[in-house]
>>> print(open('entry.cif').read())   # mmCIF, C-alpha atoms
data_query
loop_
_atom_site.label_atom_id
_atom_site.label_comp_id
_atom_site.auth_asym_id
_atom_site.auth_seq_id
_atom_site.Cartn_x
_atom_site.Cartn_y
_atom_site.Cartn_z
CA MET A 128 16.19 13.01 -9.18
CA SER A 129 19.34 14.72 -7.92
CA GLN A 130 17.82 17.83 -6.43
CA SER A 131 18.35 19.33 -3.02
CA GLN A 132 15.48 18.79 -0.63
CA GLU A 133 14.66 19.44 2.99
CA ILE A 134 13.50 17.45 5.97
CA ALA A 135 10.15 18.44 7.48
CA VAL A 136 8.68 17.65 10.88
CA VAL A 137 4.99 17.56 11.75
CA GLY A 138 3.67 17.23 15.29
CA SER A 139 3.27 18.87 18.62
CA PRO A 140 5.64 21.74 19.51
CA GLU A 141 7.40 19.42 22.01
CA PHE A 142 8.07 16.96 19.22
CA THR A 143 9.27 19.46 16.63
CA THR A 144 11.53 21.52 18.93
CA GLY A 145 14.20 18.83 19.11
CA PHE A 146 14.39 18.59 15.32
CA ARG A 147 14.54 22.34 15.02
CA LEU A 148 17.48 22.19 17.39
CA ALA A 149 19.18 19.95 14.82
CA GLY A 150 18.53 22.56 12.13
CA VAL A 151 15.23 21.47 10.58
CA ARG A 152 13.45 24.62 9.43
CA ARG A 153 10.40 23.16 7.70
CA PHE A 154 8.00 22.25 10.47
CA GLU A 155 4.29 22.24 11.21
CA ASN A 156 3.37 22.74 14.83
CA VAL A 157 0.03 21.24 15.77
CA PRO A 158 -0.72 21.38 19.51
CA ASP A 159 -2.14 18.19 21.05
CA GLY A 160 -5.60 19.71 21.51
CA GLU A 161 -5.89 20.64 17.84
CA LYS A 162 -4.54 17.48 16.27
CA ALA A 163 -7.97 16.03 15.59
CA THR A 164 -8.91 19.03 13.47
CA ASP A 165 -5.66 20.45 12.12
CA LEU A 166 -3.24 17.56 11.66
CA ASP A 167 -4.75 16.42 8.34
CA ALA A 168 -4.23 19.83 6.78
CA ALA A 169 -0.69 20.15 8.14
CA VAL A 170 0.33 16.74 6.77
CA THR A 171 -1.32 17.35 3.39
CA ASN A 172 0.45 20.68 3.19
CA VAL A 173 3.87 19.12 3.81
CA LEU A 174 3.25 16.20 1.45
CA ALA A 175 2.37 18.64 -1.34
CA ASP A 176 5.61 20.58 -0.88
CA GLU A 177 8.05 19.53 -3.61
CA GLY A 178 10.99 20.87 -1.65
CA VAL A 179 10.47 18.28 1.07
CA GLY A 180 12.12 14.88 0.71
CA ILE A 181 11.51 13.38 4.14
CA VAL A 182 8.65 13.99 6.58
CA VAL A 183 9.10 12.99 10.21
CA MET A 184 6.08 12.27 12.39
CA HIS A 185 5.35 10.62 15.70
CA ASP A 186 3.80 7.14 15.55
CA ASP A 187 0.91 8.12 17.84
CA ASP A 188 -0.07 11.06 15.62
CA LEU A 189 -1.15 8.68 12.86
CA GLU A 190 -4.25 7.97 14.95
CA TYR A 191 -5.46 11.55 14.45
CA LEU A 192 -5.28 11.37 10.66
CA SER A 193 -8.28 10.71 8.48
CA ARG A 194 -8.34 7.43 6.62
CA GLU A 195 -7.49 9.07 3.32
CA VAL A 196 -4.50 11.07 4.59
CA ARG A 197 -3.27 8.11 6.61
CA GLY A 198 -3.31 5.96 3.49
CA GLU A 199 -1.33 8.63 1.69
CA VAL A 200 1.20 8.82 4.55
CA GLU A 201 1.66 5.07 4.58
CA THR A 202 2.25 4.70 0.87
CA SER A 203 3.94 7.99 -0.02
CA VAL A 204 7.38 7.60 -1.57
CA GLU A 205 8.12 11.18 -2.56
CA PRO A 206 8.32 12.49 0.10
CA VAL A 207 8.77 9.45 2.29
CA VAL A 208 7.16 9.68 5.72
CA ILE A 209 9.16 8.29 8.63
CA THR A 210 7.29 7.71 11.84
CA ILE A 211 9.15 7.40 15.09
CA GLY A 212 7.92 6.63 18.55
CA ALA A 213 7.21 3.90 21.02
CA SER A 214 6.27 1.05 18.68
CA GLY A 215 9.25 1.49 16.37
CA SER A 216 7.65 -0.67 13.70
CA GLY A 217 7.62 2.00 11.04
CA GLY A 218 3.84 2.28 10.93
CA GLY A 219 1.20 -0.30 10.19
CA GLY A 220 1.11 0.53 6.50
CA LEU A 221 4.44 -1.00 5.61
CA ARG A 222 3.65 -4.14 7.56
CA GLU A 223 0.30 -4.50 5.80
CA GLN A 224 1.96 -3.90 2.44
CA ILE A 225 4.52 -6.62 3.16
CA LYS A 226 1.76 -9.04 4.16
CA ARG A 227 -0.13 -8.28 0.96
CA ALA A 228 2.86 -8.47 -1.38
CA ILE A 229 4.81 -11.39 0.09
CA GLY A 230 1.96 -13.24 1.76
CA ILE A 231 3.71 -13.57 5.12
CA ASP A 232 3.98 -11.15 8.03
CA LEU A 233 7.76 -10.75 7.94
CA MET A 234 7.70 -8.06 10.61
CA ASP A 235 6.07 -10.34 13.17
CA GLU A 236 9.02 -10.58 15.54
CA GLU A 237 7.52 -13.33 17.71
CA ALA A 238 6.82 -15.58 14.74
CA ASN A 239 10.25 -14.86 13.29
CA ALA A 240 11.89 -15.69 16.62
CA ASP A 241 9.94 -18.98 16.77
CA ASN A 242 11.06 -19.86 13.26
CA GLN A 243 14.68 -19.22 14.12
CA THR A 244 14.62 -21.46 17.21
CA MET B 232 -13.61 -16.45 -24.61
CA ALA B 233 -13.07 -19.78 -26.34
CA LYS B 234 -16.23 -19.46 -28.39
CA ASP B 235 -15.39 -15.92 -29.50
CA VAL B 236 -12.64 -17.06 -31.84
CA LYS B 237 -13.19 -18.28 -35.37
CA PRO B 238 -12.09 -21.89 -35.68
CA THR B 239 -9.57 -21.43 -38.47
CA ARG B 240 -6.03 -22.72 -38.89
CA LYS B 241 -4.73 -19.15 -39.01
CA ASN B 242 -6.29 -18.37 -35.62
CA LEU B 243 -4.94 -21.62 -34.19
CA MET B 244 -1.42 -20.68 -35.27
CA ALA B 245 -1.84 -17.18 -33.81
CA ILE B 246 -3.06 -18.63 -30.51
CA GLU B 247 -0.19 -21.11 -30.39
CA ASP B 248 2.23 -18.19 -30.87
CA ARG B 249 0.50 -16.26 -28.06
CA ILE B 250 0.66 -19.30 -25.76
CA GLU B 251 4.38 -19.65 -26.43
CA LEU B 252 4.98 -15.97 -25.71
CA SER B 253 2.77 -15.98 -22.60
CA GLU B 254 4.49 -19.08 -21.21
CA ARG B 255 7.88 -17.50 -21.76
CA GLY B 256 6.67 -14.24 -20.15
CA HIS B 257 5.17 -16.16 -17.24
CA GLY B 258 8.49 -17.89 -16.58
CA THR B 259 10.44 -14.65 -16.80
CA LEU B 260 8.02 -12.80 -14.53
CA GLU B 261 8.16 -15.62 -11.97
CA LYS B 262 11.94 -15.35 -11.94
CA LYS B 263 11.69 -11.57 -11.58
CA ARG B 264 9.23 -11.91 -8.67
CA ASP B 265 11.50 -14.41 -6.89
CA GLY B 266 14.54 -12.19 -7.50
CA LEU B 267 12.72 -9.14 -6.15
CA ILE B 268 11.64 -11.05 -3.04
CA MET B 269 15.26 -12.12 -2.41
CA GLU B 270 16.46 -8.52 -2.81
CA PHE B 271 13.62 -7.36 -0.58
CA MET B 272 14.63 -9.82 2.16
CA ASP B 273 18.13 -8.29 2.22
CA ILE B 274 16.67 -4.78 2.47
CA LEU B 275 14.23 -5.91 5.18
CA ASP B 276 17.09 -7.16 7.37
CA LYS B 277 18.82 -3.82 6.93
CA ALA B 278 15.56 -1.96 7.62
CA GLN B 279 15.00 -3.78 10.90
CA ASP B 280 18.51 -2.85 12.06
CA VAL B 281 17.97 0.76 11.00
CA ARG B 282 14.58 0.82 12.76
CA SER B 283 15.94 -0.41 16.06
CA GLY B 284 18.78 2.14 15.78
CA LEU B 285 16.22 4.85 15.09
CA SER B 286 14.19 3.95 18.19
CA ASP B 287 17.33 3.98 20.35
CA ASP B 288 18.42 7.33 18.95
CA TYR B 289 14.94 8.78 19.51
CA GLU B 290 14.86 7.63 23.12
CA GLU B 291 18.32 9.07 23.70
CA ALA B 292 17.37 12.38 22.08
CA GLN B 293 14.16 12.54 24.10
CA LYS B 294 16.10 12.04 27.32
CA LYS B 295 18.59 14.76 26.41
CA ILE B 296 15.99 17.33 25.42
CA ASN B 297 13.87 16.59 28.49
CA MET B 298 16.94 17.15 30.62
CA ALA B 299 17.67 20.43 28.83
CA ARG B 300 14.05 21.53 29.27
CA ALA B 301 14.09 20.64 32.93
CA MET B 302 17.36 22.39 33.67
CA ASP B 303 17.32 25.38 31.31
CA GLY B 304 13.62 25.81 30.71
CA ASP B 305 11.47 25.32 27.64
CA VAL B 306 11.92 28.91 26.53
CA ALA B 307 15.71 28.59 26.38
CA VAL B 308 15.48 25.37 24.36
CA ARG B 309 12.97 26.91 21.93
CA GLY B 310 15.09 30.04 21.69
CA ALA B 311 18.14 28.00 20.75
CA ALA B 312 16.07 26.01 18.24
CA ALA B 313 14.84 29.20 16.60
CA ALA B 314 18.36 30.57 16.28
CA LEU B 315 19.68 27.77 14.07
CA GLN B 316 21.14 29.02 10.79
CA GLU B 317 22.59 25.91 9.18
CA HIS B 318 19.91 23.65 7.80
CA PRO B 319 20.36 20.04 6.82
CA GLU B 320 19.74 19.19 3.18
CA ILE B 321 19.36 15.95 1.35
CA THR B 322 20.11 15.03 -2.24
CA THR B 323 18.82 11.88 -3.85
CA GLU B 324 20.49 9.78 -6.52
CA ALA B 325 18.78 6.94 -8.34
CA LYS B 326 19.92 3.35 -7.98
CA ASN B 327 18.51 0.47 -10.00
CA ILE B 328 17.66 -2.84 -8.33
CA MET B 329 16.19 -5.31 -10.84
CA GLY B 330 14.45 -2.56 -12.75
CA VAL B 331 13.21 -0.78 -9.65
CA VAL B 332 14.60 2.71 -9.26
CA VAL B 333 15.35 3.27 -5.57
CA PRO B 334 16.85 6.42 -4.07
CA GLN B 335 20.24 6.80 -2.52
CA ILE B 336 19.97 9.73 -0.12
CA GLU B 337 22.97 11.81 0.72
CA SER B 338 22.81 14.38 3.44
CA SER B 339 24.76 17.51 4.12
CA ARG B 340 25.02 19.83 7.10
CA VAL B 341 23.34 17.42 9.49
CA SER B 342 26.10 17.16 12.11
CA LYS B 343 27.42 20.53 13.09
CA SER B 344 30.00 21.82 15.51
CA VAL B 345 28.90 24.09 18.36
CA ASP B 346 29.98 27.26 16.57
CA GLN B 347 28.20 26.24 13.37
CA ARG B 348 24.86 25.94 15.12
CA GLY B 349 24.22 29.65 15.31
CA TYR B 350 23.03 30.05 18.88
CA GLY B 351 25.51 31.72 21.18
CA ILE B 352 27.71 29.61 23.39
CA MET B 353 27.29 31.97 26.30
CA GLY B 354 23.50 32.04 26.35
CA THR B 355 23.02 28.27 26.24
CA SER B 356 24.15 25.34 28.33
CA ALA B 357 25.98 22.10 27.53
CA ARG B 358 22.68 20.24 27.95
CA ILE B 359 21.21 22.07 24.97
CA ASP B 360 24.36 21.23 22.97
CA GLU B 361 23.97 17.60 23.95
CA ALA B 362 20.31 17.61 22.97
CA ALA B 363 21.16 19.23 19.62
CA GLU B 364 23.87 16.64 19.03
CA ALA B 365 21.48 13.80 19.91
CA TYR B 366 18.89 15.16 17.49
CA GLU B 367 21.54 15.47 14.78
CA ASP B 368 22.34 11.79 15.28
CA LEU B 369 18.63 11.05 15.15
CA LEU B 370 18.36 12.94 11.86
CA GLU B 371 21.17 10.81 10.41
CA SER B 372 19.20 7.71 11.39
CA VAL B 373 16.00 9.19 9.95
CA ILE B 374 17.75 9.81 6.62
CA LEU B 375 19.06 6.24 6.56
CA ALA B 376 15.60 4.91 7.47
CA ALA B 377 14.05 7.05 4.73
CA GLU B 378 16.42 5.58 2.15
CA VAL B 379 15.75 2.02 3.22
CA GLU B 380 11.99 2.43 3.65
CA THR B 381 11.57 4.17 0.28
CA ALA B 382 13.43 1.29 -1.34
CA MET B 383 11.19 -1.15 0.54
CA LYS B 384 7.99 0.60 -0.50
CA LYS B 385 9.06 0.79 -4.13
CA MET B 386 10.13 -2.84 -4.18
CA LEU B 387 6.89 -3.93 -2.52
CA ARG B 388 4.90 -2.11 -5.19
CA GLU B 389 6.95 -3.81 -7.90
CA ILE B 390 6.55 -7.21 -6.22
CA GLU B 391 2.79 -6.69 -6.01
CA THR B 392 2.58 -5.65 -9.66
CA THR B 393 4.73 -8.56 -10.81
CA LYS B 394 2.74 -10.98 -8.66
CA ARG B 395 -0.50 -9.70 -10.15
CA ARG B 396 0.89 -10.11 -13.67
CA VAL B 397 2.08 -13.66 -12.91
CA ASN B 398 -1.33 -14.56 -11.48
CA ALA B 399 -3.17 -12.97 -14.40
CA LEU B 400 -1.08 -15.01 -16.83
CA GLU B 401 -1.33 -18.21 -14.80
CA PHE B 402 -5.00 -18.10 -13.87
CA LYS B 403 -6.64 -16.03 -16.60
CA LEU B 404 -4.77 -15.50 -19.84
CA LEU B 405 -3.09 -18.89 -20.26
CA PRO B 406 -6.21 -20.96 -19.32
CA ASP B 407 -8.27 -18.86 -21.78
CA LEU B 408 -5.70 -19.39 -24.50
CA TYR B 409 -5.58 -23.16 -23.81
CA ASP B 410 -9.40 -23.25 -23.97
CA SER B 411 -9.39 -21.40 -27.28
CA GLN B 412 -6.69 -23.70 -28.63
CA GLU B 413 -8.66 -26.79 -27.59
CA TYR B 414 -11.88 -25.35 -29.00
CA ILE B 415 -10.29 -24.59 -32.37
CA GLU B 416 -8.56 -27.99 -32.50
CA GLN B 417 -11.82 -29.77 -31.73
CA LYS B 418 -13.72 -27.73 -34.31
CA LEU B 419 -11.04 -28.37 -36.95
CA GLU B 420 -11.07 -32.09 -36.17
CA GLU B 421 -14.84 -32.08 -36.46
CA GLN B 422 -14.61 -30.26 -39.78
CA GLU B 423 -12.03 -32.79 -40.96
CA ARG B 424 -14.27 -35.69 -39.95
CA GLU B 425 -17.21 -34.08 -41.73
CA GLU B 426 -15.03 -33.60 -44.80
CA ILE B 427 -13.94 -37.25 -44.76
CA PHE B 428 -17.54 -38.35 -44.29
CA ARG B 429 -18.66 -36.13 -47.14
CA LEU B 430 -15.91 -37.45 -49.42
CA LYS B 431 -16.86 -41.01 -48.52
CA LYS B 432 -20.49 -40.26 -49.33
CA ILE B 433 -19.54 -38.69 -52.66
CA LYS B 434 -17.31 -41.64 -53.44
CA GLU B 435 -20.12 -44.06 -52.56
CA LYS B 436 -22.57 -42.15 -54.71
CA LYS B 437 -20.16 -42.10 -57.61
CA GLU B 438 -19.54 -45.81 -57.25
CA GLN B 439 -23.28 -46.46 -57.24
CA GLU B 440 -23.70 -44.28 -60.31
CA GLU B 441 -20.87 -46.09 -62.05
CA LYS B 442 -22.40 -49.44 -61.09
CA ALA B 443 -25.75 -48.35 -62.45
CA GLU B 444 -24.13 -47.15 -65.64
CA ARG B 445 -22.24 -50.40 -65.98
CA ALA B 446 -25.44 -52.33 -65.39
CA ASP B 447 -27.11 -50.29 -68.09
CA THR B 448 -24.32 -50.89 -70.55
CA ASP B 449 -24.40 -54.66 -69.73
CA ASP B 450 -28.17 -54.74 -70.36
CA GLU B 451 -27.97 -53.06 -73.78
CA PRO B 452 -26.26 -55.91 -75.85
CA GLU B 453 -28.70 -58.54 -74.41
CA SER B 454 -31.70 -56.62 -75.70
CA GLY B 455 -30.00 -56.45 -79.13
CA ASP B 456 -29.76 -60.33 -79.38
CA GLU B 457 -33.39 -60.70 -78.37
CA LEU B 458 -34.33 -58.35 -81.17
CA GLU B 459 -32.28 -60.32 -83.62
CA GLN B 460 -33.89 -63.62 -82.47
CA ALA B 461 -37.32 -62.10 -82.61
CA THR B 462 -36.81 -60.84 -86.14
CA ALA B 463 -35.41 -64.20 -87.28
CA GLY B 464 -38.28 -66.35 -85.82
CA GLY B 465 -41.08 -63.92 -86.53
CA LEU B 466 -40.77 -63.98 -90.25
CA PRO B 467 -41.17 -67.71 -91.17
CA GLY B 468 -42.38 -67.20 -94.64
CA GLY B 469 -40.08 -64.51 -95.35
CA ASP B 470 -38.30 -66.04 -98.34
#
>>> encode(input="entry.cif", output="structure tokens")
Amino acid sequence: MSQSQEIAVVGSPEFTTGFRLAGVRRFENVPDGEKATDLDAAVTNVLADEGVGIVVMHDDDLEYLSREVRGEVETSVEPVVITIGASGSGGGGLREQIKRAIGIDLMDEEANADNQT
Amino acid sequence: MAKDVKPTRKNLMAIEDRIELSERGHGTLEKKRDGLIMEFMDILDKAQDVRSGLSDDYEEAQKKINMARAMDGDVAVRGAAAALQEHPEITTEAKNIMGVVVPQIESSRVSKSVDQRGYGIMGTSARIDEAAEAYEDLLESVILAAEVETAMKKMLREIETTKRRVNALEFKLLPDLYDSQEYIEQKLEEQEREEIFRLKKIKEKKEQEEKAERADTDDEPESGDELEQATAGGLPGGD
């Protein structure tokens, strides 16, 4: 398990540029207009790369993925896919998985806040 | 399932052994599931902190890069991004939490000094440096989030598997085994009752036979006397 891996970024050129500025060299640029057709292939390509340990994506881009690839993104452990963006919840997949495994929606902040008060 | 087993004492003993083992396994798995959930709760707290940090870092990095784009132009920012020579790398080590192997990610060459970045100092502005620095911080948060979220995903899978095993034992295997045990016990009791009934019948029959025999033997001497009397009275002028 102790092998050297890279970080990859998938998304629009505006999204990936910042990460490239931090030194990330494995990236897949998919312009906004082509996301509906090309994003699936780009994500599958990165997920199949054994040299990649972490994949970074924007939260909103998950909407463009097909059901199959989205499922893969949400459950993949090697590489792990980290989504960042406005919602900041870490993607719906993890939340659903928690609900299924534990039986309670532990990421429901409103409910948690109510319980604490 | 209950009717599939042969109602023998050997099978009953085997089923009792399986029940004992399954009950022990059920208890152990329940403890494991509870332990995993407790561990998961700790990780979840950490994950929520990491997540909020990640969102903050992303917002900050977005602001910085937008500023750099606005002031220096998109081409300059992309040019600087393309010139980077040092690339961050991650190495993963395994850590064991209650039998679940989770990764511990270590990173190298994420934060860099200005001269390590590779783009010239003269051709770029401080805003690009700031944006690069902000994205380096963001990468650190991403790596931390990856570690925590991988651990969470792996633990959730293990919790789900353990939960399924507990439920299978509790609602399928153990009830089936109890049914089989009850079925065999009932059948054996029935066989025992039949055996007792049969023995009683045999005993009764034997007693009746003995009685009849005794009656026969009692009858035999009486018929002998009658014969004697008959022979004595029947020959009056015998002398």
>>> closest_residue(input="entry.cif", among="B:Ala357, B:Val341, B:Ile415, B:Val373", to="Lys295 (chain B)", atoms="only C-alpha atoms")
B:Ala357
>>> resolve_selection(input="entry.cif", expression="the PyMOL selection byres ((chain B) within 7 of (chain A))", output="JSON, numbers by chain")
{"B": [282, 283, 286, 296, 309, 311, 312, 315, 317, 318, 319, 320, 321, 322, 323, 324, 325, 363, 366, 367, 377, 381, 387, 390, 391]}
>>> residues_near_point(input="entry.cif", point="(11.2, 4.9, -7.1)", cutoff="6 Å", atoms="only C-alpha atoms", output="list of chain:residue names")
B:Val332, B:Val333, B:Lys385
>>> atom_distance(input="entry.cif", atom1="CA of Glu199 (chain A)", atom2="CA of Arg264 (chain B)")
25.3 Å
>>> atom_distance(input="entry.cif", atom1="CA of Met302 (chain B)", atom2="CA of Lys162 (chain A)")
28.4 Å
>>> resolve_selection(input="entry.cif", expression="the PyMOL selection byres ((chain B and resi 307) around 12)", output="mmCIF file with C-alpha atoms, in the coordinates of the input")
data_model
loop_
_atom_site.group_PDB
_atom_site.id
_atom_site.type_symbol
_atom_site.label_atom_id
_atom_site.label_comp_id
_atom_site.auth_asym_id
_atom_site.auth_seq_id
_atom_site.Cartn_x
_atom_site.Cartn_y
_atom_site.Cartn_z
ATOM 1 C CA THR A 144 11.530 21.520 18.930
ATOM 2 C CA LEU A 148 17.480 22.190 17.390
ATOM 3 C CA ILE B 296 15.990 17.330 25.420
ATOM 4 C CA ALA B 299 17.670 20.430 28.830
ATOM 5 C CA ARG B 300 14.050 21.530 29.270
ATOM 6 C CA ALA B 301 14.090 20.640 32.930
ATOM 7 C CA MET B 302 17.360 22.390 33.670
ATOM 8 C CA ASP B 303 17.320 25.380 31.310
ATOM 9 C CA GLY B 304 13.620 25.810 30.710
ATOM 10 C CA ASP B 305 11.470 25.320 27.640
ATOM 11 C CA VAL B 306 11.920 28.910 26.530
ATOM 12 C CA VAL B 308 15.480 25.370 24.360
ATOM 13 C CA ARG B 309 12.970 26.910 21.930
ATOM 14 C CA GLY B 310 15.090 30.040 21.690
ATOM 15 C CA ALA B 311 18.140 28.000 20.750
ATOM 16 C CA ALA B 312 16.070 26.010 18.240
ATOM 17 C CA ALA B 313 14.840 29.200 16.600
ATOM 18 C CA ALA B 314 18.360 30.570 16.280
ATOM 19 C CA TYR B 350 23.030 30.050 18.880
ATOM 20 C CA GLY B 351 25.510 31.720 21.180
ATOM 21 C CA GLY B 354 23.500 32.040 26.350
ATOM 22 C CA THR B 355 23.020 28.270 26.240
ATOM 23 C CA SER B 356 24.150 25.340 28.330
ATOM 24 C CA ARG B 358 22.680 20.240 27.950
ATOM 25 C CA ILE B 359 21.210 22.070 24.970
ATOM 26 C CA ASP B 360 24.360 21.230 22.970
#
>>> residues_around(input="entry.cif", residues="Arg396 (chain B)", least_positions_apart="6", cutoff="12 Å", atoms="all atoms listed in the file", output="count of residues only")
15
>>> atom_distance(input="entry.cif", atom1="CA of Ile268 (chain B)", atom2="CA of Lys326 (chain B)")
17.3 Å
>>> residues_around(input="entry.cif", residues="region 418-421 of chain B", least_positions_apart="6", cutoff="9 Å", atoms="all atoms listed in the file", output="JSON list (two decimals) with C-alpha atoms, in the frame of the given file")
[["chain", "number", "residue", "atom", "x", "y", "z"],
["B", 238, "PRO", "CA", -12.09, -21.89, -35.68],
["B", 239, "THR", "CA", -9.57, -21.43, -38.47],
["B", 240, "ARG", "CA", -6.03, -22.72, -38.89]]
>>> residues_around(input="entry.cif", residues="Tyr191 (chain A)", least_positions_apart="4", cutoff="12 Å", atoms="only C-alpha atoms", output="MDAnalysis selection string")
chainID A and resid 138 157 159:170 184:187 195:197
>>> build_atoms(input="entry.cif", residues="region 442-453 of chain B", atoms="N, CA, C and O atoms", output="PDB file, in the frame of the given file")
ATOM      1  N   LYS B 442     -21.829 -48.095 -61.083  1.00  0.00           N
ATOM      2  CA  LYS B 442     -22.400 -49.440 -61.090  1.00  0.00           C
ATOM      3  C   LYS B 442     -23.673 -49.466 -61.947  1.00  0.00           C
ATOM      4  O   LYS B 442     -23.858 -50.354 -62.801  1.00  0.00           O
ATOM      5  N   ALA B 443     -24.482 -48.423 -61.697  1.00  0.00           N
ATOM      6  CA  ALA B 443     -25.750 -48.350 -62.450  1.00  0.00           C
ATOM      7  C   ALA B 443     -25.484 -48.195 -63.931  1.00  0.00           C
ATOM      8  O   ALA B 443     -26.134 -48.820 -64.768  1.00  0.00           O
ATOM      9  N   GLU B 444     -24.504 -47.369 -64.235  1.00  0.00           N
ATOM     10  CA  GLU B 444     -24.130 -47.150 -65.640  1.00  0.00           C
ATOM     11  C   GLU B 444     -23.654 -48.440 -66.280  1.00  0.00           C
ATOM     12  O   GLU B 444     -24.037 -48.802 -67.400  1.00  0.00           O
ATOM     13  N   ARG B 445     -22.789 -49.143 -65.477  1.00  0.00           N
ATOM     14  CA  ARG B 445     -22.240 -50.400 -65.980  1.00  0.00           C
ATOM     15  C   ARG B 445     -23.382 -51.407 -66.219  1.00  0.00           C
ATOM     16  O   ARG B 445     -23.403 -52.121 -67.210  1.00  0.00           O
ATOM     17  N   ALA B 446     -24.297 -51.413 -65.266  1.00  0.00           N
ATOM     18  CA  ALA B 446     -25.440 -52.330 -65.390  1.00  0.00           C
ATOM     19  C   ALA B 446     -26.238 -52.001 -66.642  1.00  0.00           C
ATOM     20  O   ALA B 446     -26.668 -52.895 -67.382  1.00  0.00           O
ATOM     21  N   ASP B 447     -26.382 -50.725 -66.896  1.00  0.00           N
ATOM     22  CA  ASP B 447     -27.110 -50.290 -68.090  1.00  0.00           C
ATOM     23  C   ASP B 447     -26.410 -50.751 -69.357  1.00  0.00           C
ATOM     24  O   ASP B 447     -27.034 -51.282 -70.287  1.00  0.00           O
ATOM     25  N   THR B 448     -25.070 -50.510 -69.336  1.00  0.00           N
ATOM     26  CA  THR B 448     -24.320 -50.890 -70.550  1.00  0.00           C
ATOM     27  C   THR B 448     -24.327 -52.411 -70.734  1.00  0.00           C
ATOM     28  O   THR B 448     -24.335 -52.911 -71.858  1.00  0.00           O
ATOM     29  N   ASP B 449     -24.340 -53.184 -69.642  1.00  0.00           N
ATOM     30  CA  ASP B 449     -24.400 -54.660 -69.730  1.00  0.00           C
ATOM     31  C   ASP B 449     -25.749 -55.090 -70.301  1.00  0.00           C
ATOM     32  O   ASP B 449     -25.842 -56.041 -71.080  1.00  0.00           O
ATOM     33  N   ASP B 450     -26.803 -54.410 -69.917  1.00  0.00           N
ATOM     34  CA  ASP B 450     -28.170 -54.740 -70.360  1.00  0.00           C
ATOM     35  C   ASP B 450     -28.361 -54.470 -71.858  1.00  0.00           C
ATOM     36  O   ASP B 450     -29.066 -55.200 -72.544  1.00  0.00           O
ATOM     37  N   GLU B 451     -27.752 -53.469 -72.383  1.00  0.00           N
ATOM     38  CA  GLU B 451     -27.970 -53.060 -73.780  1.00  0.00           C
ATOM     39  C   GLU B 451     -27.680 -54.145 -74.817  1.00  0.00           C
ATOM     40  O   GLU B 451     -28.526 -54.453 -75.660  1.00  0.00           O
ATOM     41  N   PRO B 452     -26.505 -54.856 -74.838  1.00  0.00           N
ATOM     42  CA  PRO B 452     -26.260 -55.910 -75.850  1.00  0.00           C
ATOM     43  C   PRO B 452     -27.260 -57.049 -75.756  1.00  0.00           C
ATOM     44  O   PRO B 452     -27.677 -57.605 -76.780  1.00  0.00           O
ATOM     45  N   GLU B 453     -27.724 -57.447 -74.581  1.00  0.00           N
ATOM     46  CA  GLU B 453     -28.700 -58.540 -74.410  1.00  0.00           C
ATOM     47  C   GLU B 453     -29.983 -58.207 -75.149  1.00  0.00           C
ATOM     48  O   GLU B 453     -30.530 -59.016 -75.901  1.00  0.00           O
TER      49      GLU B 453
END
